[in-house]
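Notes to accompany the following structure.
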Amino acid sequence: LKRGDGIVFDAGDPTKKEEGGRVYDIRRQGVKLEGEAQEGILLDIVPGRSDVDLHRVHVGDRVWKTSDPALDKRLRASFETEKPYRVFPLHISVRGQLDQPLHTWWTDVQKGTTVEVVSELP
């Protein structure tokens, strides 16, 4: 858990509105922690201003991490790119007959590897 993460307090009753929001700060014994908190330590979580009605949060409520902006940014960078990971020539063969599954063979021309794909439906 770190600053900026989203959290929600779960009272165990799905019919009630959950309290949640962004983590503004995390502290241990009154000292502000930088970076990510380690597992198994007791923390004070400081929610963003007006994010959480603390009167609706009770001892024993579970706390769920609902978002992680830093992780989201790393994941987004892994698939939002103008340059594909690998471009290579393919040779594709297709065979079909009425009322039969479609058969295709996909060959990586450079490596010589072939994969057969057969449709589930005719």
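Just remember, in the structure tokens the first chain shown is A, the second B, etc., residues are 1-based per chain, and ligands are 1-based in the order shown.
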Practice task
Extract, using only C-alpha atoms, all DNA, RNA and protein residues at most 12 Å from segment 94-109 of chain A, discarding same-chain residues fewer than 5 positions from it, and format them as JSON, numbers by chain.
Solution key: {"A": [86, 87, 88, 89, 114, 115, 116, 117, 118, 119, 120, 121, 122]}
Exercise for the section: Determine, counting only C-alpha atoms, which protein, DNA and RNA residues have an atom within 9 Å of an atom of segment 38-52 of chain A; residues of the same chain fewer than 5 positions away are not included. Present the result as number ranges by chain. Expected result: A: 1, 4, 7-8, 19-30, 57
In chain A, what's helix (DSSP H, G or I) per DSSP? Answer as a PDB file with N, CA and C atoms, in the first residue's frame?
ATOM      1  N   LEU A  54     -15.405   8.430   8.178  1.00  0.00           N
ATOM      2  CA  LEU A  54     -14.829   7.521   9.165  1.00  0.00           C
ATOM      3  C   LEU A  54     -15.836   7.047  10.213  1.00  0.00           C
ATOM      4  N   HIS A  55     -16.990   7.727  10.332  1.00  0.00           N
ATOM      5  CA  HIS A  55     -18.040   7.251  11.241  1.00  0.00           C
ATOM      6  C   HIS A  55     -18.660   5.947  10.745  1.00  0.00           C
ATOM      7  N   ARG A  56     -18.515   5.670   9.460  1.00  0.00           N
ATOM      8  CA  ARG A  56     -19.092   4.458   8.875  1.00  0.00           C
ATOM      9  C   ARG A  56     -18.085   3.315   8.791  1.00  0.00           C
ATOM     10  N   PRO A  69      -2.297   3.267  -9.126  1.00  0.00           N
ATOM     11  CA  PRO A  69      -1.932   4.061 -10.295  1.00  0.00           C
ATOM     12  C   PRO A  69      -0.546   3.739 -10.864  1.00  0.00           C
ATOM     13  N   ALA A  70       0.434   3.445 -10.008  1.00  0.00           N
ATOM     14  CA  ALA A  70       1.780   3.129 -10.495  1.00  0.00           C
ATOM     15  C   ALA A  70       1.769   1.824 -11.287  1.00  0.00           C
ATOM     16  N   LEU A  71       1.070   0.814 -10.788  1.00  0.00           N
ATOM     17  CA  LEU A  71       0.958  -0.458 -11.501  1.00  0.00           C
ATOM     18  C   LEU A  71       0.182  -0.269 -12.798  1.00  0.00           C
ATOM     19  N   ASP A  72      -0.914   0.491 -12.743  1.00  0.00           N
ATOM     20  CA  ASP A  72      -1.692   0.758 -13.953  1.00  0.00           C
ATOM     21  C   ASP A  72      -0.820   1.396 -15.032  1.00  0.00           C
ATOM     22  N   LYS A  73       0.042   2.320 -14.631  1.00  0.00           N
ATOM     23  CA  LYS A  73       0.918   3.002 -15.593  1.00  0.00           C
ATOM     24  C   LYS A  73       1.892   2.017 -16.232  1.00  0.00           C
ATOM     25  N   ARG A  74       2.485   1.131 -15.424  1.00  0.00           N
ATOM     26  CA  ARG A  74       3.420   0.132 -15.966  1.00  0.00           C
ATOM     27  C   ARG A  74       2.700  -0.839 -16.899  1.00  0.00           C
ATOM     28  N   LEU A  75       1.504  -1.277 -16.508  1.00  0.00           N
ATOM     29  CA  LEU A  75       0.753  -2.205 -17.356  1.00  0.00           C
ATOM     30  C   LEU A  75       0.359  -1.544 -18.674  1.00  0.00           C
ATOM     31  N   ARG A  76      -0.129  -0.302 -18.595  1.00  0.00           N
ATOM     32  CA  ARG A  76      -0.536   0.424 -19.798  1.00  0.00           C
ATOM     33  C   ARG A  76       0.639   0.562 -20.767  1.00  0.00           C
ATOM     34  N   ALA A  77       1.826   0.847 -20.243  1.00  0.00           N
ATOM     35  CA  ALA A  77       3.018   1.000 -21.091  1.00  0.00           C
ATOM     36  C   ALA A  77       3.382  -0.310 -21.778  1.00  0.00           C
ATOM     37  N   SER A  78       2.990  -1.439 -21.167  1.00  0.00           N
ATOM     38  CA  SER A  78       3.343  -2.729 -21.761  1.00  0.00           C
ATOM     39  C   SER A  78       2.507  -3.066 -22.990  1.00  0.00           C
ATOM     40  N   PHE A  79       1.320  -2.472 -23.126  1.00  0.00           N
ATOM     41  CA  PHE A  79       0.504  -2.802 -24.302  1.00  0.00           C
ATOM     42  C   PHE A  79       0.115  -1.604 -25.150  1.00  0.00           C
TER      43      PHE A  79
END
